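Text of the file start21.tsv, holding TSV, C-alpha atoms and all ligand atoms:
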```tsv
chain	number	residue	atom	x	y	z
A	1	MET	CA	-22.60	4.62	14.43
A	2	SER	CA	-25.20	5.18	11.72
A	3	ALA	CA	-24.43	4.74	8.03
A	4	LYS	CA	-24.26	7.83	5.84
A	5	ALA	CA	-27.51	7.63	3.90
A	6	SER	CA	-28.29	10.22	1.27
A	7	LYS	CA	-25.93	13.12	1.74
A	8	GLU	CA	-23.43	13.84	-0.97
A	9	GLU	CA	-19.86	13.68	0.27
A	10	THR	CA	-16.62	14.85	-1.31
A	11	ARG	CA	-13.55	14.46	0.83
A	12	ALA	CA	-10.19	16.17	0.70
A	13	ASP	CA	-8.56	12.76	0.09
A	14	GLY	CA	-10.42	12.35	-3.23
A	15	PHE	CA	-13.24	10.08	-2.06
A	16	HIS	CA	-16.64	10.96	-3.51
A	17	HIS	CA	-20.07	9.50	-2.71
A	18	ILE	CA	-22.86	10.86	-4.89
A	19	PRO	CA	-26.18	9.26	-3.87
A	20	GLY	CA	-28.79	8.98	-6.63
A	21	PHE	CA	-26.31	9.78	-9.40
A	22	LEU	CA	-27.99	7.40	-11.89
A	23	SER	CA	-31.44	8.02	-13.35
A	24	VAL	CA	-33.99	5.19	-13.21
A	25	ASN	CA	-33.47	4.72	-16.96
A	26	GLU	CA	-29.71	4.42	-16.47
A	27	ILE	CA	-30.20	1.85	-13.69
A	28	HIS	CA	-32.31	-0.26	-16.05
A	29	ALA	CA	-29.85	0.24	-18.90
A	30	LEU	CA	-27.01	-0.96	-16.65
A	31	LEU	CA	-29.04	-4.00	-15.67
A	32	ASP	CA	-29.76	-4.81	-19.34
A	33	ALA	CA	-26.08	-4.29	-20.18
A	34	ALA	CA	-25.02	-6.62	-17.34
A	35	ARG	CA	-27.44	-9.29	-18.57
A	36	SER	CA	-26.07	-9.24	-22.09
A	37	ILE	CA	-22.45	-9.17	-20.89
A	38	CYS	CA	-23.19	-12.20	-18.66
A	39	LEU	CA	-24.59	-14.17	-21.62
A	40	GLU	CA	-21.23	-13.86	-23.41
A	41	ALA	CA	-18.99	-13.80	-20.34
A	42	PRO	CA	-20.73	-15.71	-17.54
A	43	LEU	CA	-20.30	-14.72	-13.89
A	44	LEU	CA	-17.56	-16.73	-12.16
A	45	ARG	CA	-16.57	-17.11	-8.54
A	46	PRO	CA	-12.95	-16.02	-8.05
A	47	ARG	CA	-10.61	-17.69	-5.58
A	48	MET	CA	-7.57	-16.59	-3.65
A	49	THR	CA	-4.82	-18.31	-1.70
A	50	ILE	CA	-4.39	-17.24	1.93
A	51	GLY	CA	-1.73	-18.97	4.00
A	52	GLY	CA	-1.59	-21.87	1.54
A	53	LYS	CA	-5.37	-22.38	1.58
A	54	VAL	CA	-7.55	-21.71	-1.46
A	55	ILE	CA	-10.62	-19.67	-0.52
A	56	ASP	CA	-13.66	-18.83	-2.65
A	57	PHE	CA	-14.71	-15.18	-2.84
A	58	LYS	CA	-18.17	-14.46	-1.44
A	59	LEU	CA	-19.28	-12.94	-4.74
A	60	THR	CA	-19.21	-13.71	-8.46
A	61	LEU	CA	-17.87	-11.43	-11.18
A	62	THR	CA	-17.37	-10.85	-14.86
A	63	ASN	CA	-15.88	-8.09	-17.01
A	64	ALA	CA	-16.31	-6.04	-20.16
A	65	GLY	CA	-13.52	-4.35	-22.07
A	66	PRO	CA	-10.10	-5.33	-23.42
A	67	LEU	CA	-8.85	-6.31	-19.96
A	68	GLY	CA	-10.69	-8.17	-17.22
A	69	TRP	CA	-9.79	-8.49	-13.56
A	70	TRP	CA	-9.50	-12.05	-12.28
A	71	SER	CA	-8.22	-13.95	-9.27
A	72	ASP	CA	-7.53	-17.65	-8.77
A	73	GLU	CA	-4.76	-19.85	-7.36
A	74	ARG	CA	-2.31	-17.88	-9.49
A	75	GLY	CA	-3.15	-14.54	-7.86
A	76	PHE	CA	-4.81	-11.24	-8.80
A	77	ARG	CA	-4.29	-10.07	-12.37
A	78	TYR	CA	-5.78	-8.63	-15.53
A	79	VAL	CA	-6.49	-11.11	-18.30
A	80	ASP	CA	-7.56	-10.57	-21.91
A	81	ARG	CA	-9.85	-13.62	-22.08
A	82	HIS	CA	-12.71	-14.97	-19.98
A	83	PRO	CA	-11.12	-17.77	-17.90
A	84	VAL	CA	-13.78	-20.35	-18.85
A	85	THR	CA	-15.01	-19.45	-22.35
A	86	GLU	CA	-11.46	-18.37	-23.33
A	87	MET	CA	-13.09	-15.65	-25.48
A	88	PRO	CA	-12.25	-11.94	-25.21
A	89	PHE	CA	-14.59	-10.07	-22.88
A	90	PRO	CA	-17.39	-8.16	-24.64
A	91	PRO	CA	-16.73	-4.47	-25.30
A	92	ILE	CA	-17.82	-1.94	-22.69
A	93	PRO	CA	-21.28	-0.74	-23.79
A	94	GLU	CA	-21.43	2.94	-24.90
A	95	ILE	CA	-23.99	3.70	-22.20
A	96	ILE	CA	-21.48	2.66	-19.52
A	97	LEU	CA	-18.69	4.73	-21.10
A	98	ASP	CA	-21.07	7.72	-21.25
A	99	ILE	CA	-22.02	7.29	-17.59
A	100	GLY	CA	-18.30	7.09	-16.75
A	101	LYS	CA	-17.62	10.39	-18.55
A	102	ARG	CA	-20.52	12.06	-16.80
A	103	ALA	CA	-19.33	10.70	-13.42
A	104	LEU	CA	-15.81	12.11	-13.88
A	105	ALA	CA	-17.21	15.49	-14.94
A	106	ARG	CA	-19.61	15.49	-11.99
A	107	CYS	CA	-16.65	15.12	-9.61
A	108	GLU	CA	-14.50	17.63	-11.55
A	109	LEU	CA	-11.99	14.96	-12.57
A	110	PRO	CA	-10.27	14.95	-15.98
A	111	PRO	CA	-11.42	12.56	-18.75
A	112	MET	CA	-9.87	9.09	-18.54
A	113	ARG	CA	-9.39	6.07	-20.80
A	114	ILE	CA	-11.81	3.45	-19.39
A	115	GLU	CA	-10.22	0.06	-20.12
A	116	ASN	CA	-12.15	-2.21	-17.80
A	117	CYS	CA	-15.66	-2.58	-16.47
A	118	LEU	CA	-15.67	-5.11	-13.65
A	119	ILE	CA	-19.12	-6.33	-12.68
A	120	ASN	CA	-19.45	-7.77	-9.17
A	121	HIS	CA	-22.60	-9.67	-8.26
A	122	TYR	CA	-23.58	-10.16	-4.62
A	123	ALA	CA	-26.31	-12.68	-3.89
A	124	GLU	CA	-28.08	-12.41	-0.53
A	125	GLY	CA	-25.53	-13.10	2.23
A	126	GLU	CA	-22.47	-12.32	0.09
A	127	SER	CA	-19.82	-9.70	0.81
A	128	LEU	CA	-16.34	-8.48	-0.07
A	129	GLY	CA	-13.54	-8.28	2.49
A	130	GLN	CA	-11.47	-5.16	3.10
A	131	HIS	CA	-8.94	-4.73	0.30
A	132	GLN	CA	-6.89	-2.21	-1.64
A	133	ASP	CA	-7.20	-2.09	-5.43
A	134	ARG	CA	-3.64	-2.34	-6.63
A	135	THR	CA	-3.64	-4.80	-9.53
A	136	GLU	CA	-3.64	-1.90	-12.00
A	137	GLU	CA	-0.45	-0.58	-13.58
A	138	ASP	CA	-1.76	2.94	-13.08
A	139	LEU	CA	-2.52	3.32	-9.38
A	140	ASP	CA	-3.18	7.05	-9.75
A	141	ALA	CA	-6.18	6.89	-12.08
A	142	PRO	CA	-9.49	7.15	-10.21
A	143	ILE	CA	-11.80	4.14	-9.83
A	144	LEU	CA	-15.48	4.79	-10.50
A	145	SER	CA	-18.11	2.59	-8.91
A	146	LEU	CA	-21.84	2.33	-9.65
A	147	SER	CA	-24.34	0.43	-7.52
A	148	VAL	CA	-27.50	-1.31	-8.77
A	149	GLY	CA	-29.98	-3.40	-6.78
A	150	ALA	CA	-29.78	-4.18	-3.07
A	151	ASP	CA	-28.40	-1.64	-0.59
A	152	ALA	CA	-24.86	-2.27	0.67
A	153	LEU	CA	-22.79	-1.33	3.68
A	154	PHE	CA	-19.49	0.01	2.33
A	155	LEU	CA	-16.62	0.41	4.79
A	156	LEU	CA	-13.91	2.90	3.88
A	157	GLY	CA	-10.68	2.65	5.81
A	158	GLY	CA	-7.25	4.19	5.39
A	159	MET	CA	-3.88	3.16	3.99
A	160	ASP	CA	-3.38	0.59	6.75
A	161	ARG	CA	-5.75	-2.33	7.23
A	162	LYS	CA	-5.88	-1.44	10.93
A	163	ASN	CA	-7.09	2.14	10.41
A	164	PRO	CA	-10.63	2.91	11.57
A	165	THR	CA	-13.38	2.71	8.95
A	166	ARG	CA	-16.29	4.96	8.01
A	167	LYS	CA	-19.62	3.47	7.01
A	168	TYR	CA	-21.48	4.40	3.83
A	169	LEU	CA	-24.82	3.01	2.76
A	170	LEU	CA	-24.59	2.49	-1.01
A	171	ARG	CA	-27.99	2.37	-2.67
A	172	SER	CA	-29.11	1.58	-6.19
A	173	GLY	CA	-28.02	4.48	-8.40
A	174	ASP	CA	-25.18	5.72	-6.19
A	175	LEU	CA	-21.76	6.71	-7.52
A	176	VAL	CA	-18.55	6.29	-5.57
A	177	ILE	CA	-15.19	7.52	-6.82
A	178	GLN	CA	-11.88	6.78	-5.17
A	179	SER	CA	-9.41	9.29	-6.58
A	180	GLY	CA	-6.28	10.92	-5.23
A	181	PRO	CA	-4.98	9.45	-1.96
A	182	SER	CA	-8.27	7.58	-1.36
A	183	ARG	CA	-7.52	5.50	-4.48
A	184	ARG	CA	-5.27	3.37	-2.27
A	185	ALA	CA	-7.51	3.22	0.80
A	186	PHE	CA	-8.78	-0.09	2.16
A	187	HIS	CA	-12.48	-0.67	1.53
A	188	GLY	CA	-15.00	-3.48	1.31
A	189	ILE	CA	-18.66	-4.48	1.32
A	190	LYS	CA	-19.59	-5.72	4.76
A	191	GLN	CA	-23.08	-6.86	3.81
A	192	ILE	CA	-26.01	-6.23	1.52
A	193	TYR	CA	-29.55	-5.47	2.66
A	194	PRO	CA	-32.84	-6.39	1.00
A	195	THR	CA	-34.44	-3.40	-0.73
A	196	ILE	CA	-38.04	-2.79	-1.75
A	197	GLY	CA	-38.37	-2.61	-5.53
A	198	ASN	CA	-35.01	-4.26	-6.26
A	199	PRO	CA	-35.02	-4.79	-10.06
A	200	LEU	CA	-32.66	-7.80	-9.77
A	201	ARG	CA	-34.60	-11.03	-9.98
A	202	ASP	CA	-32.53	-12.63	-7.22
A	203	ARG	CA	-32.70	-9.53	-4.95
A	204	GLY	CA	-28.92	-9.24	-5.11
A	205	ARG	CA	-26.63	-6.34	-5.88
A	206	LEU	CA	-24.51	-5.41	-8.88
A	207	ASN	CA	-21.50	-3.16	-8.70
A	208	PHE	CA	-19.82	-1.81	-11.81
A	209	THR	CA	-16.29	-0.47	-11.40
A	210	LEU	CA	-14.77	1.48	-14.27
A	211	ARG	CA	-11.00	1.63	-14.44
A	212	LYS	CA	-7.97	2.66	-16.33
A	213	VAL	CA	-5.59	-0.30	-16.07
A	214	THR	CA	-2.49	0.48	-18.16
A	215	LYS	CA	-0.24	3.52	-18.26
A	216	GLU	CA	-1.55	4.38	-21.77
A	217	THR	CA	-3.00	7.86	-22.07
A	218	LEU	CA	-6.24	8.88	-23.82
B	301	LIG	C1	-18.50	-2.84	-4.39
B	301	LIG	N1	-16.34	-1.87	-4.68
B	301	LIG	O1	-19.00	-1.72	-4.29
B	301	LIG	C2	-17.02	-3.04	-4.30
B	301	LIG	N2	-13.11	-0.62	-5.44
B	301	LIG	O2	-19.17	-3.84	-4.56
B	301	LIG	C3	-15.01	-1.78	-4.68
B	301	LIG	O3	-14.31	-2.70	-4.31
B	301	LIG	C4	-14.39	-0.55	-5.14
B	301	LIG	O4	-16.38	0.75	-4.93
B	301	LIG	C5	-12.46	0.46	-5.84
B	301	LIG	C6	-13.09	1.68	-5.98
B	301	LIG	C7	-14.41	1.78	-5.69
B	301	LIG	C8	-15.08	0.66	-5.25
B	302	FE	FE	-12.23	-2.32	-4.59
```
I'd like the structure from this file rewritten - as structure tokens, please.
Amino acid sequence: MSAKASKEETRADGFHHIPGFLSVNEIHALLDAARSICLEAPLLRPRMTIGGKVIDFKLTLTNAGPLGWWSDERGFRYVDRHPVTEMPFPPIPEIILDIGKRALARCELPPMRIENCLINHYAEGESLGQHQDRTEEDLDAPILSLSVGADALFLLGGMDRKNPTRKYLLRSGDLVIQSGPSRRAFHGIKQIYPTIGNPLRDRGRLNFTLRKVTKETL
């Protein structure tokens, strides 16, 4: 089966893939924003416990905003401090909030309070296993995702881990939104692929997810 390359897709279950959503300037602004966030809140490698064994994630991450997603031996959760610096995460840069607003409007979704920007970094060879995002208090608010750098193979499944998956090729500048029923669908990053002209110095990939975490309204 071939990956879906550059065709826009909006599904009845609320899944949206908008290739080339970001301008080149926005891609560079996101990269600059990630670099300054990482100076204050360095990338960390999360861990999780599976069957009593502690396993490292095959990616590193950091956050901006009042709440940051984190996982270690104590489980998945939102925290209000960087686990190592013990400082609050830096605020979400205006440019990211503006892109988030434009992304929601583009997909005809109502405005939303963006409380967290999770930044995932994939070095060459890294990946993210199939998972559901359900650490948030509000599991109905859409999750917005922006890709920068290397291409990635995104697998979208269903509500059950065993459901078949569809393949999407996420490229630098693409927007994905999981809203409606697709908000709870299993998904993951199977692998990343080297890309010509990757602006990341290490040829990796950055993914920014923008979320509403609490039940608070706008
Ligand atoms: C990634 N994305 O693109 C991982 N989660 O690197 C996600 O795990 C994700 O793209 C929830 C909603 C959209 C996503
Ligand atoms: Fe996810």
Rounded to one decimal place, report the atom CA of A:Glu115-atom CA of A:Pro66 distance in Å.
6.3 Å
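The smallest atom-to-atom distance between ligand FE 302 (chain B) and any of A:Glu8, A:Asp202, A:Asp133, A:Glu124, using all atoms listed in the file, is found for A:Asp133.
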Enclose all atoms of ligand LIG 301 (chain B) listed in the file in an axis-aligned box, grow every side by 3 Å, and hand back centre and edge lengths in Å to one decimal, as JSON.
```
{"center_x": -15.8, "center_y": -1.0, "center_z": -5.1, "size_x": 12.7, "size_y": 11.6, "size_z": 7.7}
```
Test item: residues no farther than 8 Å from ligand FE 302 (chain B), counting all atoms listed in the file, as a PyMOL selection string:
chain A and resi 131-133+186-188
Taking all atoms listed in the file into account, which residues are within 8 Å of ligand LIG 301 (chain B), as a list in words?
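The residues near ligand LIG 301 (chain B) are Asn120, His121, Tyr122, Ser127, Leu128, His131, Gln132, Asp133, Pro142, Ile143, Leu144, Ser145, Leu146, Ser147, Ala152, Phe154, Leu170, Val176, Ile177, Gln178, Arg183, His187, Gly188, Ile189, Arg205, Leu206, Asn207, Phe208 and Thr209 of chain A.
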Compare A:Ile192, A:Ile92, A:Val148, A:Cys107 by their minimum atom-to-atom distance to A:Thr10, counting all atoms listed in the file, and give me the closest one.
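Residue with the minimum atom-to-atom distance to A:Thr10: A:Cys107.
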Would you mind telling me which residue in A:Val84, A:Leu59, A:Leu43, A:Asp140 lies nearest to A:Ser179 when using only C-alpha atoms?
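Looking only at the distances to A:Ser179, the closest residue turns out to be A:Asp140.
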Quick one: of A:Arg184, A:Leu156, A:Ile95, A:Gln130, who's nearest to A:Asp32, counting only C-alpha atoms?
A:Ile95
Report, in Å to a single decimal, how far apart atom CA of A:Glu126 and atom CA of A:Phe57 are.
8.8 Å
Which of A:Glu216, A:Asp151, A:Glu40, A:Glu137 sits closest to A:Pro90 [using all atoms listed in the file]:
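When distances to A:Pro90 are compared using all atoms listed in the file, the smallest one comes from A:Glu40.
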Could you list, as an MDAnalysis selection string, every residue within 10 Å of A:Thr214, counting all atoms listed in the file and ignoring same-chain residues fewer than 2 positions away?
chainID A and resid 67 113:115 136:139 141 211:212 216:217
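Distance annotation: of A:Gly52, A:Arg106, A:Ile119, A:Gly20, the residue with the minimal separation from A:Cys38 is A:Ile119; atom set is only C-alpha atoms.
Here atom CA of A:Gly65 is placed at a distance of 24.3 Å from atom CA of A:His16.
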Counting all atoms listed in the file, what is within 10 Å of A:Gly197, bar same-chain residues fewer than 6 positions away, as a VMD selection string?
chain A and resid 149 to 150 203
So which residues touch A:Ala64 within 7 Å, counting only C-alpha atoms, skipping near sequence neighbours fewer than 5 positions away, as a VMD selection string?
chain A and resid 37 89 to 92 116 to 118
Got a sec: who's within 10 Å of A:Pro83, counting all atoms listed in the file, leaving out chain neighbours fewer than 6 positions off, as number ranges by chain?
A: 41-42, 44, 62, 68, 70-72, 89
Skipping near chain neighbours, those fewer than 6 positions away, what residues fall within 9 Å of A:Lys7 using all atoms listed in the file, listed as a list in words?
His17, Ile18 and Pro19 of chain A
